[in-house]
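Asker: Got a structure for you, questions after.
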Amino acid sequence: LLDCRAGKQFLELGNTQFVPSLRGVECGLRLVECLRRGEATRVNFTHPIEFCLPECEFLRRALDVRPRALDEFAARAPDQVAMREKDFGIWQEITWSELWEQIVDAGHALLALGVDVGDRVSIHSEDRPEWVILDLATVAVRGITVGLYPTNPAAEVEYLLTDSGAKVHLAEDQEQADKVMDVIDRLSDLEKIIHVEPRGFREFRDDERFIFWDD
């Protein structure tokens, strides 16, 4: 805890990773600068949605720069291609408006799953649109994305999910889901597992912790 007092002005620094859009050093310098100029009255990193920054435009915009920028770009160029994915050998295009719509849907889904401010959402997958969509949706609802390498074995998955306290986990396919299930009894914070590929999940059909991406 860092307490910088100047009259009624002070800065509370809890866990800086709750500000995903800023580099730690730059964030600290800018906050102190805003405090000295009297532009920040109270900043609590534990509850970023309750920030009180009436005049500090840099910090206010930085908190949601990625979702806001994408929303604005989707409005300016809705039909422009944002990404392409090969499906059965054919490139399928996703426009900016379609991408933003999917991010909004995913964000509402995370809220429905109980993801709150500062909650961690982990992603264990190869590069694919769902990675980007869930990452941006997590940032949009003030959560924190925890990325895993596809090659991480079960022991490392256990460490990363336990250390981060991930509440929701995306397992791309059966291979990644099996790694989680090997250590599921030691993942006390994990509540939901989202899977993208439908194949190989018959045995988990009645497990309420699993949810299919399309659902």
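In the structure tokens, the first chain shown is A, the next is B, and so on; residue numbers restart at 1 for each chain, and ligands run from 1 in the order shown.
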Which residues are close to Asp79 in chain A, i.e. within 12 Å by only C-alpha atoms, leaving aside same-chain residues fewer than 6 positions away? Reply as a count of residues only.
Answerer: 9
Asker: Compile the contact shell of range 203-214 of chain A as a list in words: residues with an atom at most 9 Å away, counting only C-alpha atoms, same-chain residues fewer than 3 positions apart removed.
Answerer: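 With the cut-off at 9 Å, the set is Glu130, Leu170, Leu190, Glu191, Lys192, Ile193, Ile194, His195, Val196, Glu197, Pro198 and Gly200 of chain A.
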Asker: Limited to N, CA and C atoms, could you put the picked residues into a file as a PDB file, in the first residue's frame?
Answerer:
ATOM      1  N   GLU A 130     -11.553 -16.902 -31.034  1.00  0.00           N
ATOM      2  CA  GLU A 130     -12.122 -16.964 -29.687  1.00  0.00           C
ATOM      3  C   GLU A 130     -11.160 -16.433 -28.630  1.00  0.00           C
ATOM      4  N   LEU A 170     -11.005 -21.005 -20.320  1.00  0.00           N
ATOM      5  CA  LEU A 170     -11.314 -21.492 -21.655  1.00  0.00           C
ATOM      6  C   LEU A 170     -10.312 -22.574 -22.023  1.00  0.00           C
ATOM      7  N   LEU A 190     -11.857 -22.108  -9.477  1.00  0.00           N
ATOM      8  CA  LEU A 190     -12.410 -22.301 -10.824  1.00  0.00           C
ATOM      9  C   LEU A 190     -13.868 -22.733 -10.759  1.00  0.00           C
ATOM     10  N   GLU A 191     -14.725 -21.984 -11.476  1.00  0.00           N
ATOM     11  CA  GLU A 191     -16.158 -22.277 -11.452  1.00  0.00           C
ATOM     12  C   GLU A 191     -16.687 -22.780 -12.793  1.00  0.00           C
ATOM     13  N   LYS A 192     -16.157 -22.252 -13.904  1.00  0.00           N
ATOM     14  CA  LYS A 192     -16.668 -22.633 -15.211  1.00  0.00           C
ATOM     15  C   LYS A 192     -15.520 -22.915 -16.177  1.00  0.00           C
ATOM     16  N   ILE A 193     -15.728 -23.915 -17.041  1.00  0.00           N
ATOM     17  CA  ILE A 193     -14.761 -24.260 -18.078  1.00  0.00           C
ATOM     18  C   ILE A 193     -15.476 -24.151 -19.426  1.00  0.00           C
ATOM     19  N   ILE A 194     -15.004 -23.255 -20.266  1.00  0.00           N
ATOM     20  CA  ILE A 194     -15.581 -23.082 -21.598  1.00  0.00           C
ATOM     21  C   ILE A 194     -14.750 -23.875 -22.591  1.00  0.00           C
ATOM     22  N   HIS A 195     -15.392 -24.666 -23.435  1.00  0.00           N
ATOM     23  CA  HIS A 195     -14.654 -25.380 -24.481  1.00  0.00           C
ATOM     24  C   HIS A 195     -15.150 -24.921 -25.851  1.00  0.00           C
ATOM     25  N   VAL A 196     -14.200 -24.818 -26.793  1.00  0.00           N
ATOM     26  CA  VAL A 196     -14.508 -24.299 -28.125  1.00  0.00           C
ATOM     27  C   VAL A 196     -14.841 -25.426 -29.090  1.00  0.00           C
ATOM     28  N   GLU A 197     -14.034 -26.475 -29.080  1.00  0.00           N
ATOM     29  CA  GLU A 197     -14.273 -27.621 -29.963  1.00  0.00           C
ATOM     30  C   GLU A 197     -15.289 -28.560 -29.313  1.00  0.00           C
ATOM     31  N   PRO A 198     -16.267 -29.045 -30.073  1.00  0.00           N
ATOM     32  CA  PRO A 198     -17.306 -29.891 -29.476  1.00  0.00           C
ATOM     33  C   PRO A 198     -16.895 -31.353 -29.307  1.00  0.00           C
ATOM     34  N   GLY A 200     -15.169 -34.783 -28.251  1.00  0.00           N
ATOM     35  CA  GLY A 200     -14.459 -35.338 -27.111  1.00  0.00           C
ATOM     36  C   GLY A 200     -14.974 -34.922 -25.754  1.00  0.00           C
TER      37      GLY A 200
END
